[in-house]
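Peer 1: Below is the file query-v8.txt, with compact mmCIF, C-alpha atoms.
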```txt
# COMPACT_ATOMS: atom_id res chain seq x y z
CA MET A 853 32.38 37.43 -16.14
CA ASP A 854 31.68 38.27 -19.78
CA GLN A 855 34.32 37.23 -22.21
CA ILE A 856 35.49 39.90 -24.65
CA THR A 857 36.06 38.57 -28.13
CA ALA A 858 38.66 40.45 -30.09
CA MET A 859 37.64 41.61 -33.54
CA PRO A 860 39.62 39.94 -36.33
CA MET A 861 42.33 42.18 -37.70
CA VAL A 862 41.77 43.38 -41.23
CA ALA A 863 44.89 43.37 -43.34
CA THR A 864 45.79 47.00 -43.99
CA SER A 865 48.85 48.26 -45.73
CA LYS A 866 50.88 51.13 -44.32
CA ALA A 867 49.82 53.33 -47.21
CA GLU A 868 46.11 52.58 -46.62
CA LEU A 869 46.45 53.26 -42.90
CA LEU A 870 48.18 56.59 -43.43
CA GLN A 871 45.66 57.56 -46.09
CA ALA A 872 42.82 56.77 -43.67
CA ASP A 873 44.52 58.84 -40.97
CA ALA A 874 44.79 61.82 -43.32
CA GLU A 875 41.16 61.47 -44.44
CA LEU A 876 39.90 61.29 -40.86
CA PHE A 877 41.96 64.36 -39.96
CA CYS A 878 40.48 66.32 -42.87
CA HIS A 879 36.93 65.23 -42.02
CA THR A 880 37.44 66.23 -38.40
CA PHE A 881 38.62 69.71 -39.34
CA ALA A 882 36.22 70.10 -42.27
CA TYR A 883 34.53 72.98 -40.48
CA LEU A 884 37.71 75.00 -41.05
CA LYS A 885 37.08 74.75 -44.79
CA SER A 886 33.62 76.25 -44.27
CA MET A 887 34.98 79.02 -42.08
CA ALA A 888 37.78 79.77 -44.56
CA LEU A 889 35.16 80.07 -47.30
CA ASN A 890 33.07 82.33 -45.06
CA SER A 891 36.12 84.55 -44.53
CA ALA A 892 36.91 84.68 -48.24
CA VAL A 893 33.37 85.86 -48.99
CA LYS A 894 33.47 88.52 -46.28
CA LEU A 895 36.86 89.71 -47.56
CA GLU A 896 35.42 89.76 -51.12
CA ILE A 897 38.41 87.86 -52.48
CA ALA A 898 36.54 86.51 -55.52
CA ASP A 899 35.44 90.03 -56.47
CA ILE A 900 39.00 91.30 -56.07
CA LEU A 901 40.35 88.56 -58.34
CA HIS A 902 37.61 89.36 -60.85
CA ARG A 903 38.62 93.04 -60.88
CA CYS A 904 42.22 91.91 -61.47
CA GLY A 905 41.17 90.04 -64.59
CA GLY A 906 40.52 86.71 -62.88
CA ALA A 907 43.95 86.18 -61.33
CA ALA A 908 46.29 87.93 -58.90
CA SER A 909 49.56 87.27 -57.16
CA LEU A 910 49.78 87.28 -53.38
CA PRO A 911 51.30 90.81 -53.29
CA GLU A 912 48.49 92.05 -55.52
CA LEU A 913 45.90 90.47 -53.22
CA LEU A 914 47.58 91.95 -50.15
CA SER A 915 47.35 95.40 -51.68
CA ALA A 916 43.60 95.01 -52.25
CA VAL A 917 42.22 92.87 -49.40
CA PRO A 918 41.35 95.04 -46.37
CA LEU A 919 43.41 93.12 -43.79
CA HIS A 920 44.88 94.52 -40.62
CA PRO A 921 48.56 95.23 -41.41
CA SER A 922 49.71 92.66 -38.85
CA LYS A 923 47.72 89.88 -40.59
CA GLY A 924 49.25 90.17 -44.05
CA PRO A 925 51.50 87.11 -43.66
CA TYR A 926 48.47 84.94 -42.92
CA LEU A 927 46.55 85.55 -46.14
CA CYS A 928 48.60 83.05 -48.13
CA ARG A 929 47.71 80.32 -45.64
CA LEU A 930 43.99 81.03 -46.04
CA MET A 931 44.34 81.05 -49.82
CA ASN A 932 46.39 77.83 -49.86
CA MET A 933 43.64 76.07 -47.89
CA LEU A 934 40.96 77.32 -50.26
CA ALA A 935 43.04 76.37 -53.31
CA ALA A 936 43.63 72.86 -51.92
CA ALA A 937 39.86 72.59 -51.43
CA GLY A 938 39.29 73.53 -55.08
CA ILE A 939 37.61 76.87 -54.43
CA PHE A 940 40.43 78.81 -56.11
CA THR A 941 43.27 77.61 -58.34
CA ALA A 942 46.88 78.27 -57.32
CA GLU A 943 49.77 78.43 -59.79
CA ASP A 944 53.45 78.88 -59.00
CA VAL A 945 54.98 81.21 -61.56
CA VAL A 946 58.77 81.29 -61.96
CA PRO A 947 60.05 84.84 -62.59
CA ALA A 948 61.66 85.67 -65.91
CA ALA A 949 65.48 85.65 -66.06
CA SER A 950 65.67 89.44 -65.74
CA ALA A 951 63.48 89.39 -62.65
CA GLN A 952 65.55 86.58 -61.14
CA ALA A 953 68.65 88.71 -61.45
CA ASP A 954 67.00 91.41 -59.34
CA GLY A 955 65.40 89.06 -56.80
CA ASP A 956 65.84 85.69 -55.17
CA GLY A 957 64.35 83.75 -58.09
CA ALA A 958 61.68 82.15 -55.92
CA PRO A 959 58.40 81.32 -57.70
CA THR A 960 55.42 83.59 -57.07
CA THR A 961 52.01 82.07 -56.32
CA VAL A 962 49.20 83.37 -58.49
CA TYR A 963 45.61 82.66 -57.49
CA HIS A 964 42.95 82.23 -60.17
CA LEU A 965 39.18 82.21 -60.19
CA ASN A 966 37.74 78.87 -61.27
CA THR A 967 34.20 77.59 -61.88
CA VAL A 968 33.49 77.34 -58.15
CA SER A 969 34.79 80.75 -57.11
CA ARG A 970 33.14 82.49 -60.07
CA LEU A 971 29.86 81.70 -58.33
CA LEU A 972 31.04 84.05 -55.58
CA VAL A 973 31.61 87.02 -57.89
CA GLU A 974 28.97 89.70 -57.53
CA GLY A 975 26.46 89.42 -60.36
CA ASN A 976 23.51 87.39 -61.61
CA SER A 977 24.83 84.04 -60.41
CA CYS A 978 26.39 85.24 -57.16
CA MET A 979 25.96 82.67 -54.39
CA SER A 980 27.92 84.54 -51.71
CA LEU A 981 24.81 85.22 -49.65
CA CYS A 982 24.09 81.47 -49.62
CA VAL A 983 27.56 80.81 -48.24
CA LEU A 984 27.09 83.43 -45.53
CA LEU A 985 23.67 82.04 -44.60
CA ASP A 986 24.80 78.43 -44.46
CA THR A 987 27.81 79.31 -42.29
CA THR A 988 26.01 81.77 -40.01
CA ASP A 989 26.42 81.33 -36.24
CA LEU A 990 22.75 80.33 -35.98
CA PHE A 991 23.27 77.37 -38.31
CA VAL A 992 26.62 76.33 -36.87
CA SER A 993 25.36 76.38 -33.28
CA ALA A 994 22.32 74.34 -34.34
CA SER A 995 24.59 71.69 -35.86
CA LEU A 996 26.38 71.35 -32.52
CA ARG A 997 23.07 70.23 -31.00
CA LEU A 998 22.65 67.34 -33.46
CA HIS A 999 23.80 64.59 -31.06
CA GLN A 1000 21.69 66.04 -28.23
CA TRP A 1001 18.62 66.13 -30.47
CA LEU A 1002 19.17 62.51 -31.54
CA LEU A 1003 19.15 61.49 -27.86
CA SER A 1004 16.03 63.52 -26.98
CA GLU A 1005 12.65 61.92 -26.25
CA GLU A 1006 10.67 64.10 -28.66
CA GLU A 1007 8.49 62.25 -31.13
CA GLY A 1008 5.51 62.67 -33.41
CA ALA A 1009 3.98 66.06 -34.08
CA THR A 1010 5.84 67.71 -31.21
CA MET A 1011 9.27 66.82 -32.57
CA GLY A 1012 11.36 69.87 -33.32
CA SER A 1013 14.79 70.11 -34.89
CA PRO A 1014 18.32 70.80 -33.69
CA PHE A 1015 17.71 74.41 -34.77
CA THR A 1016 14.63 74.78 -32.57
CA MET A 1017 16.48 73.10 -29.70
CA ALA A 1018 19.40 75.51 -30.02
CA HIS A 1019 17.38 78.70 -30.50
CA ASP A 1020 14.07 78.02 -28.76
CA GLY A 1021 12.12 78.63 -31.93
CA SER A 1022 11.83 77.74 -35.59
CA LEU A 1023 14.02 79.25 -38.29
CA TYR A 1024 11.14 81.45 -39.44
CA GLY A 1025 10.36 82.42 -35.86
CA VAL A 1026 13.95 83.51 -35.33
CA GLY A 1027 13.81 85.44 -38.59
CA SER A 1028 10.71 87.33 -37.45
CA ARG A 1029 12.58 88.72 -34.44
CA ASP A 1030 16.04 89.11 -36.00
CA PRO A 1031 15.89 91.56 -38.94
CA GLU A 1032 19.55 91.04 -39.88
CA PHE A 1033 19.17 87.27 -40.13
CA ASN A 1034 15.84 87.66 -41.94
CA ALA A 1035 17.44 89.93 -44.55
CA LEU A 1036 20.30 87.47 -45.04
CA PHE A 1037 17.89 84.54 -45.37
CA ASN A 1038 15.67 86.32 -47.91
CA GLY A 1039 18.70 87.52 -49.87
CA ALA A 1040 20.15 84.01 -50.04
CA MET A 1041 16.81 82.53 -51.12
CA GLY A 1042 16.55 85.17 -53.84
CA ALA A 1043 20.08 84.41 -55.08
CA THR A 1044 19.29 80.68 -55.19
CA SER A 1045 16.06 81.35 -57.06
CA LYS A 1046 17.81 83.47 -59.68
CA PHE A 1047 20.50 80.83 -60.18
CA ILE A 1048 18.05 77.93 -60.46
CA ALA A 1049 15.53 79.81 -62.58
CA ALA A 1050 18.15 80.60 -65.21
CA LEU A 1051 19.17 76.93 -65.37
CA ALA A 1052 15.59 75.63 -65.44
CA ILE A 1053 14.61 78.00 -68.25
CA ARG A 1054 17.69 77.09 -70.27
CA GLU A 1055 17.57 73.32 -69.71
CA CYS A 1056 13.82 72.69 -69.44
CA SER A 1057 12.11 75.39 -71.50
CA GLU A 1058 9.68 72.77 -72.85
CA VAL A 1059 8.25 72.37 -69.34
CA PHE A 1060 6.76 75.88 -69.64
CA ALA A 1061 5.29 75.32 -73.13
CA GLY A 1062 1.53 75.81 -73.32
CA ILE A 1063 1.29 77.38 -69.87
CA THR A 1064 -0.60 80.68 -69.61
CA SER A 1065 -0.63 81.05 -65.82
CA LEU A 1066 1.70 79.94 -63.03
CA VAL A 1067 1.64 80.37 -59.28
CA ASP A 1068 4.90 80.07 -57.33
CA VAL A 1069 3.88 78.64 -53.96
CA ALA A 1070 5.96 79.94 -51.06
CA GLY A 1071 7.85 81.93 -53.67
CA GLY A 1072 9.42 84.45 -51.28
CA ASN A 1073 10.02 87.86 -52.81
CA GLY A 1074 9.07 86.66 -56.29
CA THR A 1075 12.54 86.31 -57.82
CA MET A 1076 11.80 82.91 -59.39
CA ALA A 1077 8.37 83.90 -60.72
CA ARG A 1078 9.73 87.19 -62.04
CA THR A 1079 12.51 85.42 -63.95
CA ILE A 1080 9.97 83.03 -65.51
CA ALA A 1081 7.64 85.91 -66.43
CA GLU A 1082 10.49 87.78 -68.12
CA ALA A 1083 11.53 84.68 -70.10
CA PHE A 1084 7.96 83.75 -71.06
CA PRO A 1085 5.89 86.96 -71.33
CA ARG A 1086 2.77 84.97 -72.23
CA VAL A 1087 2.73 83.38 -68.75
CA LYS A 1088 0.89 85.31 -66.06
CA CYS A 1089 2.89 84.66 -62.91
CA SER A 1090 1.87 85.10 -59.29
CA VAL A 1091 3.40 84.32 -55.92
CA LEU A 1092 1.57 82.82 -52.96
CA GLU A 1093 3.24 83.74 -49.68
CA LEU A 1094 2.42 84.42 -46.06
CA PRO A 1095 1.37 88.04 -45.45
CA GLN A 1096 4.42 88.84 -43.31
CA VAL A 1097 6.75 87.67 -46.09
CA ILE A 1098 5.38 89.85 -48.87
CA GLU A 1099 4.55 92.80 -46.65
CA GLY A 1100 6.50 95.80 -47.85
CA ILE A 1101 7.29 94.37 -51.32
CA SER A 1102 6.20 96.89 -53.94
CA PRO A 1103 4.27 95.47 -56.93
CA ASP A 1104 6.22 95.85 -60.16
CA GLY A 1105 3.55 94.80 -62.65
CA THR A 1106 5.45 91.64 -63.59
CA VAL A 1107 4.29 89.34 -60.80
CA GLU A 1108 1.12 89.41 -58.72
CA LEU A 1109 1.63 88.88 -54.98
CA VAL A 1110 -1.07 86.87 -53.20
CA ALA A 1111 -1.18 86.64 -49.41
CA GLY A 1112 -2.24 83.23 -48.11
CA ASP A 1113 -1.34 79.89 -46.56
CA MET A 1114 -0.56 77.00 -48.91
CA MET A 1115 -1.95 74.58 -46.35
CA GLU A 1116 -5.37 76.15 -46.81
CA PHE A 1117 -5.55 77.37 -50.40
CA VAL A 1118 -3.56 77.61 -53.65
CA PRO A 1119 -4.85 79.98 -56.38
CA PRO A 1120 -5.99 78.36 -59.65
CA ALA A 1121 -3.39 78.24 -62.43
CA ASP A 1122 -2.21 76.11 -65.33
CA ALA A 1123 0.92 75.27 -63.36
CA VAL A 1124 1.92 75.38 -59.71
CA LEU A 1125 5.61 75.70 -58.87
CA LEU A 1126 7.16 74.34 -55.67
CA LYS A 1127 10.84 75.25 -55.50
CA HIS A 1128 12.71 74.04 -52.43
CA VAL A 1129 9.46 73.88 -50.47
CA LEU A 1130 8.63 70.24 -49.80
CA HIS A 1131 12.01 69.34 -48.29
CA ASN A 1132 11.03 71.51 -45.32
CA TRP A 1133 8.01 69.39 -44.48
CA SER A 1134 6.97 65.92 -43.28
CA ASP A 1135 5.47 63.41 -45.73
CA LYS A 1136 2.02 64.01 -44.25
CA ASP A 1137 2.27 67.77 -44.71
CA CYS A 1138 3.70 67.32 -48.22
CA VAL A 1139 0.67 65.23 -49.23
CA LYS A 1140 -1.60 68.00 -47.93
CA ILE A 1141 0.33 70.67 -49.87
CA LEU A 1142 0.36 68.55 -53.03
CA THR A 1143 -3.38 67.93 -52.72
CA ARG A 1144 -4.00 71.69 -52.59
CA CYS A 1145 -1.80 72.08 -55.66
CA ARG A 1146 -3.70 69.36 -57.54
CA GLN A 1147 -6.96 71.15 -56.80
CA ALA A 1148 -5.49 74.41 -58.07
CA ILE A 1149 -4.55 72.96 -61.49
CA SER A 1150 -7.88 71.16 -61.98
CA HIS A 1151 -10.03 74.24 -62.46
CA GLY A 1152 -10.30 74.19 -66.26
CA ALA A 1153 -11.24 71.78 -69.02
CA LYS A 1154 -7.61 70.68 -69.32
CA ALA A 1155 -5.75 69.68 -66.19
CA GLY A 1156 -2.48 71.46 -65.59
CA LYS A 1157 0.61 70.27 -63.78
CA VAL A 1158 2.74 70.80 -60.71
CA ILE A 1159 6.41 71.68 -61.27
CA ILE A 1160 8.70 70.72 -58.40
CA ILE A 1161 12.34 71.76 -58.10
CA ASP A 1162 13.91 69.78 -55.28
CA THR A 1163 16.38 67.03 -54.48
CA VAL A 1164 15.87 63.45 -55.68
CA VAL A 1165 18.53 61.56 -53.76
CA GLY A 1166 20.38 58.90 -55.72
CA SER A 1167 22.75 60.53 -58.19
CA THR A 1168 25.32 58.23 -59.77
CA SER A 1169 27.92 60.99 -59.35
CA HIS A 1170 29.75 60.75 -56.02
CA GLU A 1171 30.05 64.54 -55.75
CA MET A 1172 26.36 65.10 -56.51
CA LEU A 1173 25.29 62.32 -54.14
CA GLU A 1174 27.36 63.84 -51.36
CA ALA A 1175 25.67 67.19 -52.00
CA GLN A 1176 22.26 65.51 -51.92
CA VAL A 1177 22.78 63.71 -48.61
CA THR A 1178 24.31 66.90 -47.20
CA MET A 1179 21.10 68.68 -48.19
CA ASP A 1180 19.15 65.94 -46.42
CA LEU A 1181 21.10 66.39 -43.19
CA ALA A 1182 20.78 70.18 -43.44
CA MET A 1183 16.99 69.91 -43.76
CA MET A 1184 16.90 67.57 -40.77
CA MET A 1185 18.96 70.04 -38.75
CA LEU A 1186 16.98 73.14 -39.70
CA PHE A 1187 13.38 71.96 -40.05
CA ASN A 1188 13.26 68.24 -39.30
CA GLY A 1189 12.56 68.03 -43.02
CA LYS A 1190 14.27 65.75 -45.53
CA ALA A 1191 15.53 65.23 -49.05
CA ARG A 1192 13.79 62.28 -50.67
CA GLU A 1193 14.57 59.36 -52.94
CA GLU A 1194 12.36 58.69 -55.96
CA HIS A 1195 10.27 56.01 -54.22
CA ASN A 1196 9.43 58.54 -51.47
CA TRP A 1197 8.30 61.07 -54.07
CA HIS A 1198 6.26 58.42 -55.90
CA LYS A 1199 4.39 57.46 -52.72
CA MET A 1200 3.50 61.07 -51.90
CA PHE A 1201 2.35 61.80 -55.46
CA MET A 1202 0.01 58.81 -55.47
CA GLU A 1203 -1.39 59.65 -52.03
CA ALA A 1204 -2.11 63.21 -53.19
CA GLY A 1205 -4.13 61.92 -56.15
CA PHE A 1206 -1.67 62.31 -59.01
CA SER A 1207 -1.34 59.67 -61.73
CA HIS A 1208 2.14 60.13 -63.22
CA TYR A 1209 5.28 62.21 -63.15
CA LYS A 1210 8.51 62.83 -65.03
CA ILE A 1211 11.89 63.61 -63.46
CA HIS A 1212 14.37 65.82 -65.32
CA ASN A 1213 17.86 65.34 -63.86
CA VAL A 1214 19.33 68.47 -65.43
CA LEU A 1215 19.87 70.74 -62.40
CA GLY A 1216 22.87 69.07 -60.80
CA MET A 1217 22.14 68.10 -57.21
CA ARG A 1218 18.52 69.13 -57.78
CA SER A 1219 15.89 67.80 -60.17
CA LEU A 1220 12.87 69.25 -61.89
CA ILE A 1221 9.79 67.05 -61.57
CA GLU A 1222 6.60 67.43 -63.65
CA VAL A 1223 3.61 65.94 -61.81
CA HIS A 1224 0.25 65.33 -63.50
CA PRO A 1225 -3.23 64.43 -62.18
```
Take the structure in this file and express it as structure tokens.
Peer 2:
Amino acid sequence: MDQITAMPMVATSKAELLQADAELFCHTFAYLKSMALNSAVKLEIADILHRCGGAASLPELLSAVPLHPSKGPYLCRLMNMLAAAGIFTAEDVVPAASAQADGDGAPTTVYHLNTVSRLLVEGNSCMSLCVLLDTTDLFVSASLRLHQWLLSEEEGATMGSPFTMAHDGSLYGVGSRDPEFNALFNGAMGATSKFIAALAIRECSEVFAGITSLVDVAGGNGTMARTIAEAFPRVKCSVLELPQVIEGISPDGTVELVAGDMMEFVPPADAVLLKHVLHNWSDKDCVKILTRCRQAISHGAKAGKVIIIDTVVGSTSHEMLEAQVTMDLAMMMLFNGKAREEHNWHKMFMEAGFSHYKIHNVLGMRSLIEVHP
């Protein structure tokens, strides 16, 4: 009979034990934070606060949020959760003496927009569509298959993802047969592109110096390329996308749309942009894509460069690192892709025939990488 050896007890104070219990509880119910955020976006709470000047009391919110009359008492509980999570800011305001004489003198909670929730306000930097996409039923149900996928016998080229296991098809395949999801996906990608493009142009304008032509590979509806073209009129911008993606998009004279497959061909240009593309693919496929990009920038007397906007895992900030490894797990769940550390990027660049690169860590959880032949 096997003898069971007891693990040595680690000295833990009462405070540490209770703190660990609370942390585990919050991690276990973390999905409620996501669903509360999803609800806040659908109820347009950030927009309502914005229209109120950036802050509103609970009664003011109740008068503006389209709740069923029976659910009014529950709004404060949703808002308290979101405030505790840092998405809004809550402030208890004590009534003035005259108001206390007329009422019970209890403080009134006022909810404020902060830096996080301002990203949800409709406008140029609105990320609400990204929240709705990332918390859609299709994504959530795929995440519930994670353990099953890890136990599956798939391997090699036939290996799918938890998403394909849950929905019997790839994300893009599902999008092709679900117009509502496809519209949400494209809208969220456009919002992300607009947000990142503004930051990249502001923080890394020197990256675009000397460029006269740029092709945005897998650039969706052209939001990123259009933003670059508007900021740098001298740069002729084009988008390479699959025919079904750009079908129905009307040319606007700012960006040229080119139908094609990046695995087969990338149009010649001074610079090739890959924004949030390579994290969808395996290392082998990334080397193939990068090789096509290197060929595209080697058409003239002076070699151009590839500009990559993607995650380089390894931030020294705990919050940024958590976002980066969350991105990695999300790519694994959706595409069996991955976010990469610098040594992974270096290996792929060398295998694709590049000689050197420079990483600009100025986009938060993302980085901008210049890659040269």
Peer 1: Rounded to one decimal, what separation in Å do you get between CA of Thr1079 (chain A) and CA of Val983 (chain A)?
Peer 2: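 Going from CA of Thr1079 (chain A) over to CA of Val983 (chain A), I get 22.2 Å.
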Peer 1: Which of these residues is nearest to Thr988 (chain A), using only C-alpha atoms: A:Leu895, A:Ala1040, A:Leu1125, A:Cys928?
Peer 2: A:Ala1040
Peer 1: Could you state the separation of CA of Ala1182 (chain A) and CA of Ala1035 (chain A) in Å, given to one decimal place?
Peer 2: 20.1 Å
Peer 1: Mind running region 1092-1172 of chain A against region 1220-1224 of chain A at 10 Å and telling me each contacting residue's nearest atom pair with the distance in Å (one decimal), counting only C-alpha atoms, chain and number ascending, as a tab-separated table?
Peer 2:
```
residue	atom	partner	partner_atom	distance
A:Ala1123	CA	A:Glu1222	CA	9.7
A:Val1124	CA	A:Val1223	CA	9.8
A:Leu1125	CA	A:Glu1222	CA	9.6
A:Leu1126	CA	A:Ile1221	CA	9.7
A:Lys1127	CA	A:Leu1220	CA	9.0
A:Leu1142	CA	A:Val1223	CA	9.7
A:Arg1146	CA	A:His1224	CA	8.2
A:Ile1149	CA	A:His1224	CA	9.2
A:Ala1155	CA	A:His1224	CA	7.9
A:Gly1156	CA	A:His1224	CA	7.0
A:Lys1157	CA	A:His1224	CA	5.0
A:Val1158	CA	A:Val1223	CA	5.1
A:Ile1159	CA	A:Glu1222	CA	4.9
A:Ile1160	CA	A:Ile1221	CA	5.0
A:Ile1161	CA	A:Leu1220	CA	4.6
A:Asp1162	CA	A:Leu1220	CA	6.7
A:Thr1163	CA	A:Leu1220	CA	8.5
A:Val1164	CA	A:Leu1220	CA	9.0
```
Peer 1: Around all of region 1108-1122 of chain A's listed atoms, make the axis-aligned box with 8 Å on each side and tell me centre and edge lengths in Å to one decimal, as AutoDock Vina command-line options.
Peer 2:
```
--center_x -2.2 --center_y 82.0 --center_z -55.8 --size_x 23.6 --size_y 30.8 --size_z 35.0
```
Peer 1: Under the rule of at most 12 Å, produce a per-residue listing of region 1091-1203 of chain A near region 1017-1026 of chain A: chain, number, name, the closest pair of atoms, and the distance in Å, as a Markdown table, using all atoms listed in the file.
Peer 2:
```
| residue | atom | partner | partner_atom | distance |
| --- | --- | --- | --- | --- |
| A:Leu1094 | CA | A:Tyr1024 | CA | 11.3 |
| A:Gln1096 | CA | A:Tyr1024 | CA | 10.7 |
| A:Val1097 | CA | A:Tyr1024 | CA | 10.1 |
| A:Asn1132 | CA | A:Leu1023 | CA | 10.9 |
| A:Met1183 | CA | A:Leu1023 | CA | 11.2 |
| A:Met1185 | CA | A:Met1017 | CA | 9.9 |
| A:Leu1186 | CA | A:Leu1023 | CA | 6.9 |
| A:Phe1187 | CA | A:Ser1022 | CA | 7.5 |
| A:Asn1188 | CA | A:Ser1022 | CA | 10.3 |
```
Peer 1: Pull C-alpha atoms from the residues just selected and write them as a PDB file, in the frame of the given file.
Peer 2:
```
ATOM      1  CA  LEU A1094       2.420  84.420 -46.060  1.00  0.00           C
ATOM      2  CA  GLN A1096       4.420  88.840 -43.310  1.00  0.00           C
ATOM      3  CA  VAL A1097       6.750  87.670 -46.090  1.00  0.00           C
ATOM      4  CA  ASN A1132      11.030  71.510 -45.320  1.00  0.00           C
ATOM      5  CA  MET A1183      16.990  69.910 -43.760  1.00  0.00           C
ATOM      6  CA  MET A1185      18.960  70.040 -38.750  1.00  0.00           C
ATOM      7  CA  LEU A1186      16.980  73.140 -39.700  1.00  0.00           C
ATOM      8  CA  PHE A1187      13.380  71.960 -40.050  1.00  0.00           C
ATOM      9  CA  ASN A1188      13.260  68.240 -39.300  1.00  0.00           C
TER      10      ASN A1188
END
```
Peer 1: Using only C-alpha atoms, which residue out of A:Val1067, A:Val962, A:Ala1121, A:Met979 lies closest to Leu910 (chain A)?
Peer 2: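 Distance minimum relative to Leu910 (chain A) lands on A:Val962.
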Peer 1: Please identify all polymer residues within 12 Å of Ala937 (chain A), counting only C-alpha atoms, omitting same-chain residues fewer than 6 positions from it, and present them as a PDB file with C-alpha atoms, in the frame of the given file.
Peer 2:
```pdb
ATOM      1  CA  CYS A 878      40.480  66.320 -42.870  1.00  0.00           C
ATOM      2  CA  ALA A 882      36.220  70.100 -42.270  1.00  0.00           C
ATOM      3  CA  LEU A 884      37.710  75.000 -41.050  1.00  0.00           C
ATOM      4  CA  LYS A 885      37.080  74.750 -44.790  1.00  0.00           C
ATOM      5  CA  SER A 886      33.620  76.250 -44.270  1.00  0.00           C
ATOM      6  CA  ALA A 888      37.780  79.770 -44.560  1.00  0.00           C
ATOM      7  CA  LEU A 889      35.160  80.070 -47.300  1.00  0.00           C
ATOM      8  CA  LEU A 930      43.990  81.030 -46.040  1.00  0.00           C
ATOM      9  CA  MET A 931      44.340  81.050 -49.820  1.00  0.00           C
ATOM     10  CA  ASN A 966      37.740  78.870 -61.270  1.00  0.00           C
ATOM     11  CA  VAL A 968      33.490  77.340 -58.150  1.00  0.00           C
ATOM     12  CA  SER A 969      34.790  80.750 -57.110  1.00  0.00           C
TER      13      SER A 969
END
```
Peer 1: Just the residues within 10 Å of Gly1027 (chain A), please, counting all atoms listed in the file, with nothing from its chain fewer than 6 positions along; format it as a list in words.
Peer 2: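 In the requested format, the answer is Gly1021, Phe1033, Asn1034, Ala1035, Leu1036, Phe1037 and Asn1038 of chain A.
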Peer 1: Between CA of Lys1210 (chain A) and CA of Val1139 (chain A), what is the distance, to one decimal in Å?
Peer 2: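 Pair CA of Lys1210 (chain A) / CA of Val1139 (chain A) returns 17.8 Å.
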Peer 1: Counting all atoms listed in the file, find the residues whose atoms lie at most 10 Å from (-1.1, 66.4, -50.8) (file coordinates) and write them out as a count of residues only.
Peer 2: 21
Peer 1: Give me the residues near region 904-906 of chain A as a PDB file with C-alpha atoms, keeping the file's coordinate frame, where near means some atom within 9 Å (using all atoms listed in the file) and where sequence neighbours in that chain fewer than 6 positions away do not count.
Peer 2:
```pdb
ATOM      1  CA  ALA A 898      36.540  86.510 -55.520  1.00  0.00           C
ATOM      2  CA  GLU A 912      48.490  92.050 -55.520  1.00  0.00           C
ATOM      3  CA  TYR A 963      45.610  82.660 -57.490  1.00  0.00           C
ATOM      4  CA  HIS A 964      42.950  82.230 -60.170  1.00  0.00           C
ATOM      5  CA  LEU A 965      39.180  82.210 -60.190  1.00  0.00           C
ATOM      6  CA  ASN A 966      37.740  78.870 -61.270  1.00  0.00           C
ATOM      7  CA  ARG A 970      33.140  82.490 -60.070  1.00  0.00           C
TER       8      ARG A 970
END
```
Peer 1: I need the residue nearest Val1177 (chain A) from this list: A:His1195, A:His1208, A:Arg1086, A:Arg1218. Use only C-alpha atoms for the distance.
Peer 2: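 Of all the options, A:Arg1218 lies closest to Val1177 (chain A).
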Peer 1: With only C-alpha atoms as the basis for distance, which of A:Leu1051, A:Ala1111, A:Leu971, A:Val1165 is at the shortest distance from His1131 (chain A)?
Peer 2: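 Nearest candidate to His1131 (chain A) out of A:Leu1051, A:Ala1111, A:Leu971, A:Val1165: A:Val1165.
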